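structure39.cif follows; it contains mmCIF, C-alpha atoms, pLDDT in the B column; chains and numbers go by the auth columns.
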```cif
data_input
loop_
_atom_site.group_PDB
_atom_site.id
_atom_site.type_symbol
_atom_site.label_atom_id
_atom_site.label_comp_id
_atom_site.label_asym_id
_atom_site.label_seq_id
_atom_site.Cartn_x
_atom_site.Cartn_y
_atom_site.Cartn_z
_atom_site.B_iso_or_equiv
_atom_site.auth_seq_id
_atom_site.auth_asym_id
ATOM 1 C CA MET A 1 11.423 67.893 -46.950 54.00 1 N
ATOM 2 C CA LYS A 2 9.306 66.457 -44.214 58.00 2 N
ATOM 3 C CA GLN A 3 10.672 63.760 -41.933 60.00 3 N
ATOM 4 C CA GLY A 4 8.757 60.501 -41.869 57.00 4 N
ATOM 5 C CA LYS A 5 7.950 58.522 -38.767 59.00 5 N
ATOM 6 C CA ILE A 6 6.928 54.960 -38.077 59.00 6 N
ATOM 7 C CA ILE A 7 3.427 54.877 -36.684 61.00 7 N
ATOM 8 C CA GLY A 8 2.989 52.586 -33.665 64.00 8 N
ATOM 9 C CA PHE A 9 6.708 51.969 -33.106 64.00 9 N
ATOM 10 C CA ASN A 10 7.653 51.868 -29.438 70.00 10 N
ATOM 11 C CA ALA A 11 11.422 51.832 -28.969 69.00 11 N
ATOM 12 C CA ALA A 12 11.186 51.219 -25.215 74.00 12 N
ATOM 13 C CA LYS A 13 8.844 48.279 -25.691 77.00 13 N
ATOM 14 C CA MET A 14 11.096 46.789 -28.326 73.00 14 N
ATOM 15 C CA ALA A 15 14.141 47.106 -26.088 75.00 15 N
ATOM 16 C CA GLU A 16 12.208 45.463 -23.265 72.00 16 N
ATOM 17 C CA GLN A 17 11.221 42.552 -25.509 75.00 17 N
ATOM 18 C CA MET A 18 14.788 42.120 -26.765 79.00 18 N
ATOM 19 C CA MET A 19 16.022 42.005 -23.180 75.00 19 N
ATOM 20 C CA ALA A 20 13.352 39.467 -22.253 76.00 20 N
ATOM 21 C CA ASN A 21 14.393 37.281 -25.179 85.00 21 N
ATOM 22 C CA ALA A 22 18.059 37.530 -24.179 87.00 22 N
ATOM 23 C CA VAL A 23 17.256 36.599 -20.570 91.00 23 N
ATOM 24 C CA ALA A 24 15.159 33.634 -21.680 94.00 24 N
ATOM 25 C CA GLU A 25 17.966 32.372 -23.911 95.00 25 N
ATOM 26 C CA GLN A 26 20.564 32.797 -21.188 95.00 26 N
ATOM 27 C CA ASN A 27 18.306 30.969 -18.742 96.00 27 N
ATOM 28 C CA ARG A 28 17.914 28.107 -21.196 96.00 28 N
ATOM 29 C CA ARG A 29 21.653 27.782 -21.742 96.00 29 N
ATOM 30 C CA LEU A 30 22.479 27.856 -18.034 97.00 30 N
ATOM 31 C CA VAL A 31 19.801 25.301 -17.177 97.00 31 N
ATOM 32 C CA GLU A 32 21.072 22.986 -19.901 97.00 32 N
ATOM 33 C CA TYR A 33 24.621 23.423 -18.618 97.00 33 N
ATOM 34 C CA ALA A 34 23.628 22.760 -14.999 97.00 34 N
ATOM 35 C CA GLU A 35 21.664 19.620 -15.887 97.00 35 N
ATOM 36 C CA GLN A 36 24.619 18.200 -17.808 97.00 36 N
ATOM 37 C CA ARG A 37 27.164 19.054 -15.127 96.00 37 N
ATOM 38 C CA VAL A 38 25.212 17.677 -12.179 97.00 38 N
ATOM 39 C CA ILE A 39 25.066 14.312 -13.953 96.00 39 N
ATOM 40 C CA MET A 40 28.830 14.405 -14.425 95.00 40 N
ATOM 41 C CA LEU A 41 29.330 15.273 -10.756 95.00 41 N
ATOM 42 C CA GLY A 42 26.960 12.571 -9.551 94.00 42 N
ATOM 43 C CA GLU A 43 28.547 9.892 -11.721 93.00 43 N
ATOM 44 C CA THR A 44 32.014 10.830 -10.430 92.00 44 N
ATOM 45 C CA ILE A 45 30.886 10.542 -6.819 90.00 45 N
ATOM 46 C CA ASN A 46 29.157 7.274 -7.608 89.00 46 N
ATOM 47 C CA SER A 47 32.393 5.857 -9.032 87.00 47 N
ATOM 48 C CA TYR A 48 34.134 6.639 -5.734 81.00 48 N
ATOM 49 C CA ASN A 49 31.198 5.181 -3.847 77.00 49 N
ATOM 50 C CA SER A 50 31.395 1.854 -5.663 76.00 50 N
ATOM 51 C CA LYS A 51 35.002 1.422 -4.504 75.00 51 N
ATOM 52 C CA HIS A 52 34.840 2.914 -1.011 71.00 52 N
ATOM 53 C CA HIS A 53 31.201 2.506 0.100 74.00 53 N
ATOM 54 C CA MET A 54 30.853 6.253 0.570 78.00 54 N
ATOM 55 C CA ASP A 55 27.095 6.216 0.039 86.00 55 N
ATOM 56 C CA ASP A 56 25.868 2.947 1.497 83.00 56 N
ATOM 57 C CA THR A 57 22.419 4.329 2.404 88.00 57 N
ATOM 58 C CA GLY A 58 21.955 6.451 -0.721 92.00 58 N
ATOM 59 C CA ASN A 59 21.423 9.689 1.198 92.00 59 N
ATOM 60 C CA LEU A 60 24.620 11.296 -0.076 93.00 60 N
ATOM 61 C CA LEU A 61 23.649 11.262 -3.735 95.00 61 N
ATOM 62 C CA ASP A 62 20.016 11.912 -2.815 96.00 62 N
ATOM 63 C CA SER A 63 21.238 15.232 -1.388 96.00 63 N
ATOM 64 C CA LEU A 64 22.967 16.356 -4.598 97.00 64 N
ATOM 65 C CA CYS A 65 21.048 19.157 -6.292 97.00 65 N
ATOM 66 C CA TRP A 66 21.414 22.097 -8.675 98.00 66 N
ATOM 67 C CA GLY A 67 19.703 25.331 -9.590 98.00 67 N
ATOM 68 C CA VAL A 68 19.705 28.402 -11.804 98.00 68 N
ATOM 69 C CA CYS A 69 18.445 31.734 -10.473 97.00 69 N
ATOM 70 C CA TYR A 70 17.992 35.113 -12.086 96.00 70 N
ATOM 71 C CA ASN A 71 17.018 38.447 -10.596 95.00 71 N
ATOM 72 C CA GLY A 72 16.346 36.964 -7.157 95.00 72 N
ATOM 73 C CA LYS A 73 14.062 34.214 -8.438 96.00 73 N
ATOM 74 C CA MET A 74 14.555 30.522 -9.113 97.00 74 N
ATOM 75 C CA VAL A 75 14.489 29.831 -12.849 97.00 75 N
ATOM 76 C CA GLN A 76 14.751 26.068 -12.557 97.00 76 N
ATOM 77 C CA SER A 77 16.199 23.546 -10.120 98.00 77 N
ATOM 78 C CA GLY A 78 16.387 19.830 -9.603 97.00 78 N
ATOM 79 C CA PHE A 79 18.047 16.798 -8.080 98.00 79 N
ATOM 80 C CA TYR A 80 20.745 14.527 -9.425 97.00 80 N
ATOM 81 C CA ARG A 81 18.279 11.651 -9.184 95.00 81 N
ATOM 82 C CA SER A 82 14.980 10.560 -7.662 95.00 82 N
ATOM 83 C CA PRO A 83 15.350 9.587 -3.981 94.00 83 N
ATOM 84 C CA LYS A 84 16.645 6.043 -3.481 94.00 84 N
ATOM 85 C CA ALA A 85 17.439 5.895 0.239 93.00 85 N
ATOM 86 C CA ASN A 86 15.100 3.677 2.240 91.00 86 N
ATOM 87 C CA THR A 87 16.593 4.605 5.593 87.00 87 N
ATOM 88 C CA PRO A 88 18.325 7.729 6.931 85.00 88 N
ATOM 89 C CA SER A 89 22.072 7.893 7.349 82.00 89 N
ATOM 90 C CA TYR A 90 23.609 9.577 10.361 69.00 90 N
ATOM 91 C CA LEU A 91 25.480 12.805 10.862 61.00 91 N
ATOM 92 C CA HIS A 92 28.304 11.092 12.692 50.00 92 N
ATOM 93 C CA GLY A 93 28.472 8.097 10.400 44.00 93 N
ATOM 94 C CA TRP A 94 32.075 8.617 9.341 42.00 94 N
ATOM 95 C CA SER A 95 33.263 9.970 12.676 44.00 95 N
ATOM 96 C CA THR A 96 33.507 6.332 13.796 42.00 96 N
ATOM 97 C CA VAL A 97 37.199 6.543 12.891 38.00 97 N
ATOM 98 C CA GLU A 98 37.700 8.779 15.906 40.00 98 N
ATOM 99 C CA PHE A 99 35.357 6.901 18.205 40.00 99 N
ATOM 100 C CA ALA A 100 37.105 3.626 17.371 41.00 100 N
ATOM 101 C CA ASP A 101 40.380 4.773 18.977 41.00 101 N
ATOM 102 C CA PRO A 102 40.802 2.320 21.906 41.00 102 N
ATOM 103 C CA LYS A 103 42.909 4.824 23.858 40.00 103 N
ATOM 104 C CA ARG A 104 39.983 7.230 24.105 41.00 104 N
ATOM 105 C CA PHE A 105 36.929 5.016 24.268 41.00 105 N
ATOM 106 C CA LYS A 106 35.936 1.527 25.284 41.00 106 N
ATOM 107 C CA ARG A 107 33.262 -0.657 23.743 40.00 107 N
ATOM 108 C CA HIS A 108 29.780 -0.106 25.081 41.00 108 N
ATOM 109 C CA ALA A 109 29.103 -3.818 25.081 40.00 109 N
ATOM 110 C CA VAL A 110 30.984 -6.918 24.082 39.00 110 N
ATOM 111 C CA GLY A 111 30.706 -7.497 20.347 42.00 111 N
ATOM 112 C CA GLU A 112 29.060 -4.148 19.650 43.00 112 N
ATOM 113 C CA SER A 113 30.957 -2.027 17.153 46.00 113 N
ATOM 114 C CA VAL A 114 31.507 1.654 17.829 44.00 114 N
ATOM 115 C CA LYS A 115 29.957 2.374 14.462 46.00 115 N
ATOM 116 C CA ASN A 116 26.673 0.842 15.607 43.00 116 N
ATOM 117 C CA TRP A 117 26.879 2.682 18.914 41.00 117 N
ATOM 118 C CA VAL A 118 27.327 6.006 17.142 41.00 118 N
ATOM 119 C CA LYS A 119 24.304 5.386 14.978 38.00 119 N
ATOM 120 C CA MET A 120 22.138 4.367 17.927 36.00 120 N
ATOM 121 C CA ASP A 121 23.137 6.912 20.537 38.00 121 N
ATOM 122 C CA ALA A 122 25.035 9.871 19.116 44.00 122 N
ATOM 123 C CA GLY A 123 23.908 10.253 15.537 54.00 123 N
ATOM 124 C CA GLU A 124 21.523 12.734 13.978 66.00 124 N
ATOM 125 C CA PRO A 125 19.441 11.191 11.169 77.00 125 N
ATOM 126 C CA VAL A 126 20.131 12.531 7.687 84.00 126 N
ATOM 127 C CA ASN A 127 17.512 12.406 4.936 91.00 127 N
ATOM 128 C CA GLY A 128 19.452 13.512 1.869 93.00 128 N
ATOM 129 C CA HIS A 129 16.505 14.266 -0.408 96.00 129 N
ATOM 130 C CA GLN A 130 14.715 16.262 2.268 94.00 130 N
ATOM 131 C CA LEU A 131 17.806 18.359 2.992 93.00 131 N
ATOM 132 C CA ALA A 132 18.210 19.093 -0.724 96.00 132 N
ATOM 133 C CA ALA A 133 14.547 20.062 -1.094 96.00 133 N
ATOM 134 C CA GLU A 134 14.784 22.430 1.869 95.00 134 N
ATOM 135 C CA TYR A 135 17.916 24.018 0.430 96.00 135 N
ATOM 136 C CA LEU A 136 16.337 24.515 -3.003 97.00 136 N
ATOM 137 C CA SER A 137 13.317 26.240 -1.459 96.00 137 N
ATOM 138 C CA GLN A 138 15.577 28.972 -0.042 95.00 138 N
ATOM 139 C CA ALA A 139 18.496 29.160 -2.503 96.00 139 N
ATOM 140 C CA HIS A 140 17.023 31.971 -4.628 95.00 140 N
ATOM 141 C CA LYS A 141 17.420 34.378 -1.705 95.00 141 N
ATOM 142 C CA LYS A 142 21.186 34.411 -2.353 94.00 142 N
ATOM 143 C CA CYS A 143 20.696 35.626 -5.930 95.00 143 N
ATOM 144 C CA LYS A 144 21.066 39.385 -6.324 93.00 144 N
ATOM 145 C CA SER A 145 18.858 41.637 -8.433 93.00 145 N
ATOM 146 C CA GLY A 146 19.860 41.698 -12.102 91.00 146 N
ATOM 147 C CA GLU A 147 22.291 38.772 -11.744 94.00 147 N
ATOM 148 C CA TRP A 148 22.359 35.088 -12.605 95.00 148 N
ATOM 149 C CA MET A 149 23.382 32.404 -10.159 97.00 149 N
ATOM 150 C CA VAL A 150 24.196 28.788 -10.983 97.00 150 N
ATOM 151 C CA PHE A 151 24.811 26.442 -8.069 97.00 151 N
ATOM 152 C CA PHE A 152 25.490 22.805 -7.224 97.00 152 N
ATOM 153 C CA ALA A 153 25.176 21.516 -3.672 96.00 153 N
ATOM 154 C CA ILE A 154 25.651 18.327 -1.672 95.00 154 N
ATOM 155 C CA LEU A 155 23.666 18.617 1.536 92.00 155 N
ATOM 156 C CA ALA A 156 24.593 15.417 3.381 90.00 156 N
ATOM 157 C CA PRO A 157 26.767 17.015 6.109 84.00 157 N
ATOM 158 C CA TYR A 158 29.318 14.193 6.320 82.00 158 N
ATOM 159 C CA TRP A 159 30.397 14.904 2.744 87.00 159 N
ATOM 160 C CA GLY A 160 32.727 17.604 4.053 85.00 160 N
ATOM 161 C CA TYR A 161 34.942 14.951 5.626 80.00 161 N
ATOM 162 C CA TRP A 162 35.336 13.109 2.338 82.00 162 N
ATOM 163 C CA GLU A 163 36.060 16.365 0.531 87.00 163 N
ATOM 164 C CA LYS A 164 38.578 17.839 2.974 84.00 164 N
ATOM 165 C CA GLY A 165 40.228 14.522 3.828 80.00 165 N
ATOM 166 C CA PHE A 166 40.738 12.640 7.062 72.00 166 N
ATOM 167 C CA ASN A 167 43.280 10.513 8.905 71.00 167 N
ATOM 168 C CA ILE A 168 42.702 6.830 9.459 67.00 168 N
ATOM 169 C CA THR A 169 44.789 4.071 11.005 64.00 169 N
ATOM 170 C CA PRO A 170 44.174 0.770 9.193 62.00 170 N
ATOM 171 C CA ARG A 171 43.723 -2.277 11.431 59.00 171 N
ATOM 172 C CA PHE A 172 44.578 -5.015 8.987 56.00 172 N
ATOM 173 C CA GLY A 173 47.696 -6.954 8.033 58.00 173 N
ATOM 174 C CA GLY A 174 49.557 -5.703 11.085 60.00 174 N
ATOM 175 C CA ASN A 175 49.796 -2.236 9.519 63.00 175 N
ATOM 176 C CA THR A 176 49.172 0.577 11.997 66.00 176 N
ATOM 177 C CA THR A 177 50.649 3.445 9.960 72.00 177 N
ATOM 178 C CA GLN A 178 48.260 6.382 9.778 73.00 178 N
ATOM 179 C CA MET A 179 46.962 7.229 6.316 75.00 179 N
ATOM 180 C CA PHE A 180 45.408 10.404 4.935 78.00 180 N
ATOM 181 C CA LEU A 181 42.480 9.842 2.587 77.00 181 N
ATOM 182 C CA GLN A 182 40.830 12.517 0.484 82.00 182 N
ATOM 183 C CA PHE A 183 38.179 12.458 -2.218 82.00 183 N
ATOM 184 C CA ALA A 184 38.117 16.078 -3.400 85.00 184 N
ATOM 185 C CA VAL A 185 35.447 15.545 -6.045 89.00 185 N
ATOM 186 C CA MET A 186 33.644 18.832 -5.524 90.00 186 N
ATOM 187 C CA SER A 187 36.915 20.783 -5.594 90.00 187 N
ATOM 188 C CA GLN A 188 37.877 19.276 -8.959 90.00 188 N
ATOM 189 C CA PHE A 189 34.363 19.926 -10.254 93.00 189 N
ATOM 190 C CA TYR A 190 34.619 23.541 -9.089 93.00 190 N
ATOM 191 C CA ASP A 191 37.772 24.054 -11.163 93.00 191 N
ATOM 192 C CA ILE A 192 35.920 22.854 -14.269 93.00 192 N
ATOM 193 C CA VAL A 193 32.880 25.065 -13.648 94.00 193 N
ATOM 194 C CA LYS A 194 35.100 28.064 -12.913 94.00 194 N
ATOM 195 C CA SER A 195 36.824 27.610 -16.256 94.00 195 N
ATOM 196 C CA ASN A 196 33.549 27.051 -18.137 93.00 196 N
ATOM 197 C CA LEU A 197 31.795 30.112 -16.743 91.00 197 N
ATOM 198 C CA LYS A 198 34.737 32.505 -16.777 91.00 198 N
ATOM 199 C CA PRO A 199 34.684 35.515 -16.199 92.00 199 N
ATOM 200 C CA ALA A 200 31.767 34.937 -13.806 91.00 200 N
ATOM 201 C CA ARG A 201 32.545 35.074 -10.078 93.00 201 N
ATOM 202 C CA THR A 202 32.737 31.587 -8.611 94.00 202 N
ATOM 203 C CA ARG A 203 33.254 30.212 -5.133 93.00 203 N
ATOM 204 C CA ILE A 204 33.187 26.900 -3.293 93.00 204 N
ATOM 205 C CA LYS A 205 32.329 26.208 0.325 91.00 205 N
ATOM 206 C CA VAL A 206 33.029 22.895 2.036 89.00 206 N
ATOM 207 C CA TYR A 207 31.279 22.524 5.363 83.00 207 N
ATOM 208 C CA VAL A 208 32.915 20.104 7.797 79.00 208 N
ATOM 209 C CA PRO A 209 30.800 19.470 10.908 71.00 209 N
ATOM 210 C CA LYS A 210 32.773 19.411 14.135 64.00 210 N
ATOM 211 C CA TYR A 211 31.977 15.836 15.082 53.00 211 N
ATOM 212 C CA ALA A 212 34.496 15.792 17.939 48.00 212 N
ATOM 213 C CA SER A 213 33.118 18.851 19.671 46.00 213 N
ATOM 214 C CA LYS A 214 33.456 19.114 23.437 48.00 214 N
ATOM 215 C CA SER A 215 29.760 18.482 24.007 52.00 215 N
ATOM 216 C CA LEU A 216 29.766 15.457 21.727 48.00 216 N
ATOM 217 C CA MET A 217 32.844 13.996 23.374 49.00 217 N
ATOM 218 C CA SER A 218 31.312 14.459 26.834 54.00 218 N
ATOM 219 C CA ARG A 219 28.118 12.807 25.722 52.00 219 N
ATOM 220 C CA ALA A 220 30.049 9.980 24.129 46.00 220 N
ATOM 221 C CA ARG A 221 31.982 9.238 27.301 49.00 221 N
ATOM 222 C CA LYS A 222 28.813 9.351 29.368 55.00 222 N
ATOM 223 C CA ASN A 223 26.994 6.945 27.072 48.00 223 N
ATOM 224 C CA LEU A 224 29.898 4.565 26.729 44.00 224 N
ATOM 225 C CA ASN A 225 30.545 4.423 30.449 48.00 225 N
ATOM 226 C CA GLY A 226 26.907 4.219 31.423 45.00 226 N
#
```

As structure tokens - that is how I would like this structure written.
Amino acid sequence: MKQGKIIGFNAAKMAEQMMANAVAEQNRRLVEYAEQRVIMLGETINSYNSKHHMDDTGNLLDSLCWGVCYNGKMVQSGFYRSPKANTPSYLHGWSTVEFADPKRFKRHAVGESVKNWVKMDAGEPVNGHQLAAEYLSQAHKKCKSGEWMVFFAILAPYWGYWEKGFNITPRFGGNTTQMFLQFAVMSQFYDIVKSNLKPARTRIKVYVPKYASKSLMSRARKNLNG
């Protein structure tokens, strides 16, 4: 009895097409997931902002972005929202807690707050949307061949201080007891994503700029005493 064969059937081509379909479906699911989660993250940060004025210029949430990569290429990416900031914020915006310590610094001029001084003389302007766009243009380079990568990022550099926490001494009501404040939004969000995407490898990195570096402190003293 002769064996039959299917004319025109290409097993390799079929396998390739099945793989392409599987990749496309996985891409779709991950993009949908990322879009939903970045909204959740942004709304959580915004709820903190409304109570604590964390994002008075809008650059913090303008810098929130997401992306999905596969095989070393960007599948899709985006921002939490369209840019809303009309003016840049400043890299040392929240470091005013340290600069305001009267034992270390004096006012530059009568009636001028240290916060304003920092913004005028020591700050580095931060455009949140621009930082996010620059990050998205390079993010695919971290994605390895044959692997997927889903990421969420906040590029405003002062966010690290909110995330890690900081010490502050209130100057109201006669209370001078030092307090530790922390808004670990990204860390909580990471725990959720880690659980959702298990068993995928996950990691979180919180960058905290060294505002009180030796060079910055020297420059601060020079400017304040000048």

Quick one: of N:Gln130, N:Thr202, N:Ser137, N:Asn10, who's nearest to N:Ser82, counting all atoms listed in the file?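 Nearest candidate to N:Ser82 out of N:Gln130, N:Thr202, N:Ser137, N:Asn10: N:Gln130.
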
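Straight-line separation from atom CA of N:Met186 to atom CA of N:Trp148: 21.0 Å.
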
Extract, using only C-alpha atoms, all DNA, RNA and protein residues at most 9 Å from stretch 25-33 of chain N, discarding same-chain residues fewer than 2 positions from it, and format them as a ChimeraX atom specification. /N:20-23,35-38,67-70,75-77,148,150

Neighbourhood query: residues within 12 Å of (41.3, 21.4, 3.8), file coordinates, counting all atoms listed in the file; return as a list in words.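 These residues have at least one counted atom within 12 Å: Gly160, Tyr161, Trp162, Glu163, Lys164, Gly165, Phe166, Phe180, Leu181, Gln182, Phe183, Ala184, Ser187, Lys205, Val206, Tyr207 and Val208 of chain N.
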
From the options N:Ser50, N:Asn127, N:Ser145, N:Gln188, which residue's atoms come nearest to N:Lys73, counting only C-alpha atoms? N:Ser145

What is the atom CA of N:Cys143 to atom CA of N:Phe79 distance in Å?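 For atom CA of N:Cys143 relative to atom CA of N:Phe79, the distance reads 19.1 Å.
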
Separation of atom CA of N:Asn71 and atom CA of N:Gly146, in Å?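 Rounded to one decimal, the two atoms are 4.6 Å apart.
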
Measuring atom to atom with all atoms listed in the file, identify which of N:Ala12, N:Tyr80, N:Val126, N:Met40 is nearest to N:Ile192. N:Met40
